[in-house]
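**Student:** Structure in structure tokens, see below.
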Amino acid sequence: MANSNKKRFGLLGKNISYSFSKGYFTEKFEAAALNNCTYENFDLQTISEFETLIKDNHEELAGINVTIPYKEAVIPFLDKLSKKAKLIGAVNTIKFTRSGKLKGYNTDYYGFKKAIKPLLADHHKKALILGTGGASKGVCFALDELGITYTFVSRIKNENTISYEDLDQEVFTTHTIVINATPVGTSPDILAYPAIPFEFFTTQHIAFDLIYNPAITQFLSKASAKGAQTKNGYDMLVYQAEKAWKIWSE
């Protein structure tokens, strides 16, 4: 990316002072001597504020990452979506095109797929996805591409999900990947964890937490105690961030 005019990037979310992205991209820009590039948090209390943000800063903005809770809510404000973002139904990367349009992409699925792939063995055929929000949508798209079937777990049972009360030993025996796609356990509420029967984890299981702060959540700690292979969301974030940078730089 050229080092001429100022380019502002940022993260759209709510209560995001903990953000990985700001630190990551600030260090990246410094290391590459991209002195014209800055990265900041756009901490909005409601998505309706997004329109004003764009209107007031449109000339300098070059790209935005999107996090909880706006990955789905931001879509109506965009001019177009990439094919995969449209299929996934969630956006975590926005590019300002040369014509000044806002185009939404999803790099979450790419980051998750690349992060979990090295852990997979032949017996990892089915997954449980805890949560049904925007973060889970990229996860299920990646699992589809990996040929892994999945079941959503939510507090409210419906035709597409099972409830936390439905989780028993039989479900855990057939679903050897368990993915926390909820914010439960994120700093500062680090003692919280999803209400699942951790006693059914085994050495055959993978426990993957999309959370990266803290590095070892209660979810991961409890699953690890039963012998499960564990991974947090840090690598996924790095992979999706680099993919976002590639999109912005094209």
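A note on labels: chains of the structure tokens are A, B, ... as shown, every chain counts residues from 1, and ligands are counted from 1 in their shown order.
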Pull the helix (DSSP H, G or I) assignments for stretch 97-129 of chain A out of DSSP run on the backbone, and list those residues as a PyMOL selection string.
**Tutor:** chain A and resi 108-119
**Student:** Can you pull out every residue within 7 Å of stretch 111-121 of chain A, counting only C-alpha atoms, but drop anything in the same chain fewer than 4 positions away, and send it as a list in words?
**Tutor:**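 In the requested format, the answer is Thr107, Val139, Ala142, Asp235, Met236, Leu237, Tyr239 and Gln240 of chain A.
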**Student:** Output N, CA, C and O atoms of each residue in that selection to a file, as a PDB file, in the first residue's frame.
**Tutor:**
ATOM      1  N   THR A 107     -13.769 -12.818   6.695  1.00  0.00           N
ATOM      2  CA  THR A 107     -12.482 -13.518   6.786  1.00  0.00           C
ATOM      3  C   THR A 107     -12.422 -14.398   8.028  1.00  0.00           C
ATOM      4  O   THR A 107     -11.447 -15.097   8.246  1.00  0.00           O
ATOM      5  N   VAL A 139     -17.862 -19.945  11.299  1.00  0.00           N
ATOM      6  CA  VAL A 139     -17.423 -21.262  11.756  1.00  0.00           C
ATOM      7  C   VAL A 139     -18.132 -22.358  10.969  1.00  0.00           C
ATOM      8  O   VAL A 139     -17.496 -23.289  10.466  1.00  0.00           O
ATOM      9  N   ALA A 142     -16.883 -22.679   7.408  1.00  0.00           N
ATOM     10  CA  ALA A 142     -15.582 -23.360   7.353  1.00  0.00           C
ATOM     11  C   ALA A 142     -15.752 -24.864   7.539  1.00  0.00           C
ATOM     12  O   ALA A 142     -15.113 -25.664   6.837  1.00  0.00           O
ATOM     13  N   ASP A 235      -4.762 -17.588  16.970  1.00  0.00           N
ATOM     14  CA  ASP A 235      -4.296 -17.847  15.599  1.00  0.00           C
ATOM     15  C   ASP A 235      -5.372 -17.511  14.572  1.00  0.00           C
ATOM     16  O   ASP A 235      -5.081 -16.967  13.504  1.00  0.00           O
ATOM     17  N   MET A 236      -6.601 -17.830  14.908  1.00  0.00           N
ATOM     18  CA  MET A 236      -7.720 -17.498  14.016  1.00  0.00           C
ATOM     19  C   MET A 236      -7.768 -15.996  13.748  1.00  0.00           C
ATOM     20  O   MET A 236      -7.950 -15.557  12.604  1.00  0.00           O
ATOM     21  N   LEU A 237      -7.575 -15.205  14.812  1.00  0.00           N
ATOM     22  CA  LEU A 237      -7.592 -13.749  14.670  1.00  0.00           C
ATOM     23  C   LEU A 237      -6.463 -13.243  13.785  1.00  0.00           C
ATOM     24  O   LEU A 237      -6.645 -12.361  12.953  1.00  0.00           O
ATOM     25  N   TYR A 239      -4.885 -14.947  11.417  1.00  0.00           N
ATOM     26  CA  TYR A 239      -5.156 -15.351  10.034  1.00  0.00           C
ATOM     27  C   TYR A 239      -6.228 -14.481   9.385  1.00  0.00           C
ATOM     28  O   TYR A 239      -6.087 -14.064   8.231  1.00  0.00           O
ATOM     29  N   GLN A 240      -7.302 -14.183  10.146  1.00  0.00           N
ATOM     30  CA  GLN A 240      -8.365 -13.365   9.554  1.00  0.00           C
ATOM     31  C   GLN A 240      -7.902 -11.924   9.369  1.00  0.00           C
ATOM     32  O   GLN A 240      -8.293 -11.262   8.417  1.00  0.00           O
TER      33      GLN A 240
END
**Student:** Could you give me, as a list in words, the residues within 9 Å of A:Asn15, counting only C-alpha atoms and dropping anything in the same chain fewer than 6 positions from it?
**Tutor:**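 Once the nearby chain positions are removed, what remains is Asp43, Leu44 and Gln45 of chain A.
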**Student:** Any idea what's packed within 10 Å of A:Asn213, counting only C-alpha atoms, ignoring anything in its chain fewer than 3 positions away? Could you give it as a PDB file with C-alpha atoms, in the first residue's frame?
**Tutor:**
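Final file, result07.pdb:
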ATOM      1  CA  TYR A  18      -9.899  -5.181  25.004  1.00  0.00           C
ATOM      2  CA  SER A  19      -9.532  -5.381  21.211  1.00  0.00           C
ATOM      3  CA  PHE A  20      -6.851  -7.547  19.610  1.00  0.00           C
ATOM      4  CA  GLY A 185     -15.607 -16.340  29.395  1.00  0.00           C
ATOM      5  CA  THR A 186     -14.142 -13.270  27.718  1.00  0.00           C
ATOM      6  CA  SER A 187     -12.116 -10.880  29.897  1.00  0.00           C
ATOM      7  CA  PRO A 188     -13.033  -9.370  32.309  1.00  0.00           C
ATOM      8  CA  ILE A 190     -12.926 -14.784  33.056  1.00  0.00           C
ATOM      9  CA  LEU A 210     -13.003 -18.298  19.607  1.00  0.00           C
ATOM     10  CA  ILE A 216      -6.846 -20.160  28.645  1.00  0.00           C
ATOM     11  CA  THR A 217     -10.553 -19.734  29.283  1.00  0.00           C
ATOM     12  CA  ASN A 232      -7.958 -20.535  21.648  1.00  0.00           C
ATOM     13  CA  GLY A 233      -8.900 -17.921  19.079  1.00  0.00           C
ATOM     14  CA  TYR A 234      -5.553 -16.138  18.774  1.00  0.00           C
TER      15      TYR A 234
END
**Student:** Considering only C-alpha atoms, can you say which of A:Thr67, A:Ala192, A:Thr176, A:Tyr150 comes closest to A:Gly133?
**Tutor:**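 Residue with the minimum atom-to-atom distance to A:Gly133: A:Thr67.
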**Student:** Apply DSSP to the backbone of this structure and, from stretch 51-196 of chain A, keep only the residues in strand (DSSP E); write these as an NGL selection string.
**Tutor:** :A and (61-66 or 80-81 or 93-96 or 102-105 or 126-130 or 149-154 or 161-163 or 177-180)
**Student:** Determine the nearest neighbour of A:Asn65 from the options A:Arg98, A:His175, A:Arg8, A:His123, counting only C-alpha atoms.
**Tutor:**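 Using only C-alpha atoms, the shortest distance to A:Asn65 belongs to A:Arg8.
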**Student:** State, in Å with one decimal place, the distance from atom CA of A:Ile148 to atom CA of A:Leu128.
**Tutor:**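 Separation between atom CA of A:Ile148 and atom CA of A:Leu128: 10.4 Å.
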**Student:** So, counting only C-alpha atoms, which residue among A:Ile179, A:Ala241, A:Lys83, A:Tyr193 is closest to A:Ser21?
**Tutor:**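 Of A:Ile179, A:Ala241, A:Lys83, A:Tyr193, the one nearest A:Ser21, counting only C-alpha atoms, is A:Ala241.
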**Student:** Please report as JSON lines every residue of stretch 55-106 of chain A lying within 12 Å of stretch 24-38 of chain A, along with the nearest atom pair and their distance in Å (one decimal), using only C-alpha atoms.
**Tutor:**
{"residue": "A:Glu60", "atom": "CA", "partner": "A:Cys37", "partner_atom": "CA", "distance": 9.9}
{"residue": "A:Leu61", "atom": "CA", "partner": "A:Thr38", "partner_atom": "CA", "distance": 9.7}
{"residue": "A:Ala62", "atom": "CA", "partner": "A:Cys37", "partner_atom": "CA", "distance": 9.3}
{"residue": "A:Gly63", "atom": "CA", "partner": "A:Thr38", "partner_atom": "CA", "distance": 10.5}
{"residue": "A:Ile64", "atom": "CA", "partner": "A:Thr38", "partner_atom": "CA", "distance": 11.4}
{"residue": "A:Asn65", "atom": "CA", "partner": "A:Phe25", "partner_atom": "CA", "distance": 10.9}
**Student:** Store the residues picked out above in a file with N, CA and C atoms, as a PDB file, in the first residue's frame.
**Tutor:**
ATOM      1  N   GLU A  60     -10.995   9.609   4.690  1.00  0.00           N
ATOM      2  CA  GLU A  60      -9.750   8.979   5.128  1.00  0.00           C
ATOM      3  C   GLU A  60      -9.888   7.486   5.402  1.00  0.00           C
ATOM      4  N   LEU A  61     -11.103   7.000   5.644  1.00  0.00           N
ATOM      5  CA  LEU A  61     -11.281   5.589   5.980  1.00  0.00           C
ATOM      6  C   LEU A  61     -10.964   4.688   4.795  1.00  0.00           C
ATOM      7  N   ALA A  62     -10.209   3.624   5.064  1.00  0.00           N
ATOM      8  CA  ALA A  62      -9.814   2.690   4.002  1.00  0.00           C
ATOM      9  C   ALA A  62     -10.299   1.272   4.273  1.00  0.00           C
ATOM     10  N   GLY A  63     -10.557   0.951   5.541  1.00  0.00           N
ATOM     11  CA  GLY A  63     -11.007  -0.400   5.858  1.00  0.00           C
ATOM     12  C   GLY A  63     -11.441  -0.516   7.307  1.00  0.00           C
ATOM     13  N   ILE A  64     -12.423  -1.366   7.563  1.00  0.00           N
ATOM     14  CA  ILE A  64     -12.938  -1.562   8.916  1.00  0.00           C
ATOM     15  C   ILE A  64     -13.118  -3.056   9.189  1.00  0.00           C
ATOM     16  N   ASN A  65     -12.667  -3.478  10.353  1.00  0.00           N
ATOM     17  CA  ASN A  65     -13.011  -4.816  10.851  1.00  0.00           C
ATOM     18  C   ASN A  65     -14.296  -4.688  11.670  1.00  0.00           C
TER      19      ASN A  65
END
**Student:** Counting only C-alpha atoms, figure out which residue out of A:Asn41, A:Thr52, A:Asn5, A:Asn106 gets nearest to A:Ile247.
**Tutor:** A:Asn106
**Student:** Can you pull out the residues contacting A:Trp248? Cut-off 9 Å, using only C-alpha atoms, and skip same-chain residues under 4 positions away; I want them as a ChimeraX atom specification.
**Tutor:** /A:1,62-63,93-97,243-244
**Student:** Save out the residues we just selected, N, CA, C and O atoms, as a CSV table (one decimal), in the first residue's frame.
**Tutor:**
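Done, and the output landed in result-v5.csv:
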chain,number,residue,atom,x,y,z
A,1,MET,N,0.9,-1.2,0.0
A,1,MET,CA,0.0,0.0,0.0
A,1,MET,C,0.9,1.2,0.0
A,1,MET,O,1.9,1.3,0.7
A,62,ALA,N,-10.2,3.6,5.1
A,62,ALA,CA,-9.8,2.7,4.0
A,62,ALA,C,-10.3,1.3,4.3
A,62,ALA,O,-10.4,0.5,3.3
A,63,GLY,N,-10.6,1.0,5.5
A,63,GLY,CA,-11.0,-0.4,5.9
A,63,GLY,C,-11.4,-0.5,7.3
A,63,GLY,O,-10.9,0.2,8.2
A,93,THR,N,-15.2,-7.8,7.8
A,93,THR,CA,-14.3,-6.9,7.1
A,93,THR,C,-15.0,-6.1,6.1
A,93,THR,O,-15.8,-6.6,5.3
A,94,ILE,N,-14.7,-4.8,6.1
A,94,ILE,CA,-15.4,-3.8,5.2
A,94,ILE,C,-14.3,-3.1,4.4
A,94,ILE,O,-13.3,-2.6,5.0
A,95,LYS,N,-14.4,-3.1,3.1
A,95,LYS,CA,-13.4,-2.4,2.3
A,95,LYS,C,-14.1,-1.2,1.6
A,95,LYS,O,-15.3,-1.3,1.2
A,96,PHE,N,-13.4,-0.1,1.6
A,96,PHE,CA,-13.9,1.1,0.9
A,96,PHE,C,-13.3,1.0,-0.5
A,96,PHE,O,-12.1,1.1,-0.7
A,97,THR,N,-14.2,0.8,-1.5
A,97,THR,CA,-13.7,0.6,-2.9
A,97,THR,C,-13.2,1.9,-3.5
A,97,THR,O,-13.5,3.0,-3.0
A,243,LYS,N,-5.8,-11.8,6.3
A,243,LYS,CA,-6.7,-11.9,5.1
A,243,LYS,C,-7.4,-10.5,4.8
A,243,LYS,O,-7.5,-10.1,3.7
A,244,ALA,N,-7.8,-9.9,5.9
A,244,ALA,CA,-8.4,-8.6,5.8
A,244,ALA,C,-7.4,-7.5,5.2
A,244,ALA,O,-7.8,-6.8,4.3
**Student:** What gap, in Å, lies between atom CA of A:Thr173 and atom CA of A:Leu220?
**Tutor:** 18.1 Å
**Student:** Can you tell me, as number ranges by chain, what residues are no more than 12 Å from A:Ile156 when counting only C-alpha atoms, ignoring any on the same chain fewer than 5 positions away?
**Tutor:** A: 130-132, 161-166
**Student:** Could the residues in this selection be saved with all heavy atoms as a compact mmCIF listing (two decimals), in the first residue's frame?
**Tutor:**
# COMPACT_ATOMS: atom_id res chain seq x y z
N LEU A 130 -21.37 -23.88 19.97
CA LEU A 130 -22.08 -23.19 21.04
C LEU A 130 -22.32 -21.75 20.62
O LEU A 130 -21.38 -20.99 20.41
CB LEU A 130 -21.26 -23.23 22.34
CG LEU A 130 -20.69 -24.60 22.77
CD1 LEU A 130 -19.92 -24.46 24.08
CD2 LEU A 130 -21.80 -25.64 22.90
N GLY A 131 -23.60 -21.38 20.49
CA GLY A 131 -23.93 -20.02 20.06
C GLY A 131 -24.38 -19.98 18.62
O GLY A 131 -23.94 -20.79 17.79
N THR A 132 -25.26 -19.03 18.32
CA THR A 132 -25.82 -18.92 16.97
C THR A 132 -25.68 -17.51 16.39
O THR A 132 -26.36 -17.15 15.43
CB THR A 132 -27.32 -19.31 16.98
OG1 THR A 132 -28.00 -18.48 17.94
CG2 THR A 132 -27.51 -20.76 17.35
N THR A 161 -31.56 -26.03 16.11
CA THR A 161 -30.62 -26.09 17.23
C THR A 161 -31.10 -27.05 18.30
O THR A 161 -32.30 -27.36 18.39
CB THR A 161 -30.44 -24.70 17.90
OG1 THR A 161 -31.65 -24.35 18.55
CG2 THR A 161 -30.06 -23.62 16.90
N ILE A 162 -30.15 -27.51 19.12
CA ILE A 162 -30.51 -28.22 20.33
C ILE A 162 -30.21 -27.30 21.51
O ILE A 162 -29.51 -26.30 21.35
CB ILE A 162 -29.74 -29.56 20.47
CG1 ILE A 162 -28.22 -29.33 20.58
CG2 ILE A 162 -30.06 -30.49 19.30
CD1 ILE A 162 -27.42 -30.59 20.89
N SER A 163 -30.74 -27.61 22.64
CA SER A 163 -30.53 -26.77 23.81
C SER A 163 -29.38 -27.33 24.65
O SER A 163 -28.96 -28.49 24.47
CB SER A 163 -31.80 -26.68 24.66
OG SER A 163 -32.02 -27.91 25.33
N TYR A 164 -28.88 -26.52 25.58
CA TYR A 164 -27.81 -26.98 26.47
C TYR A 164 -28.28 -28.17 27.32
O TYR A 164 -27.47 -29.03 27.67
CB TYR A 164 -27.34 -25.82 27.36
CG TYR A 164 -26.48 -24.82 26.61
CD1 TYR A 164 -27.05 -23.72 25.97
CD2 TYR A 164 -25.10 -24.99 26.54
CE1 TYR A 164 -26.27 -22.82 25.26
CE2 TYR A 164 -24.31 -24.09 25.85
CZ TYR A 164 -24.90 -23.01 25.21
OH TYR A 164 -24.11 -22.13 24.50
N GLU A 165 -29.57 -28.23 27.59
CA GLU A 165 -30.12 -29.34 28.38
C GLU A 165 -30.07 -30.66 27.60
O GLU A 165 -30.12 -31.74 28.19
CB GLU A 165 -31.58 -29.06 28.78
CG GLU A 165 -31.74 -28.01 29.88
CD GLU A 165 -31.47 -26.59 29.39
OE1 GLU A 165 -31.72 -26.31 28.20
OE2 GLU A 165 -30.99 -25.77 30.20
N ASP A 166 -29.98 -30.58 26.28
CA ASP A 166 -29.93 -31.80 25.45
C ASP A 166 -28.55 -32.46 25.43
O ASP A 166 -28.41 -33.57 24.91
CB ASP A 166 -30.32 -31.46 24.00
CG ASP A 166 -31.78 -31.05 23.87
OD1 ASP A 166 -32.60 -31.61 24.61
OD2 ASP A 166 -32.06 -30.17 23.04
**Student:** Between atom CA of A:Leu81 and atom CA of A:Phe42, what is the distance in Å, rounded to a tenth?
**Tutor:**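 Distance reported for this atom pair: 21.0 Å.
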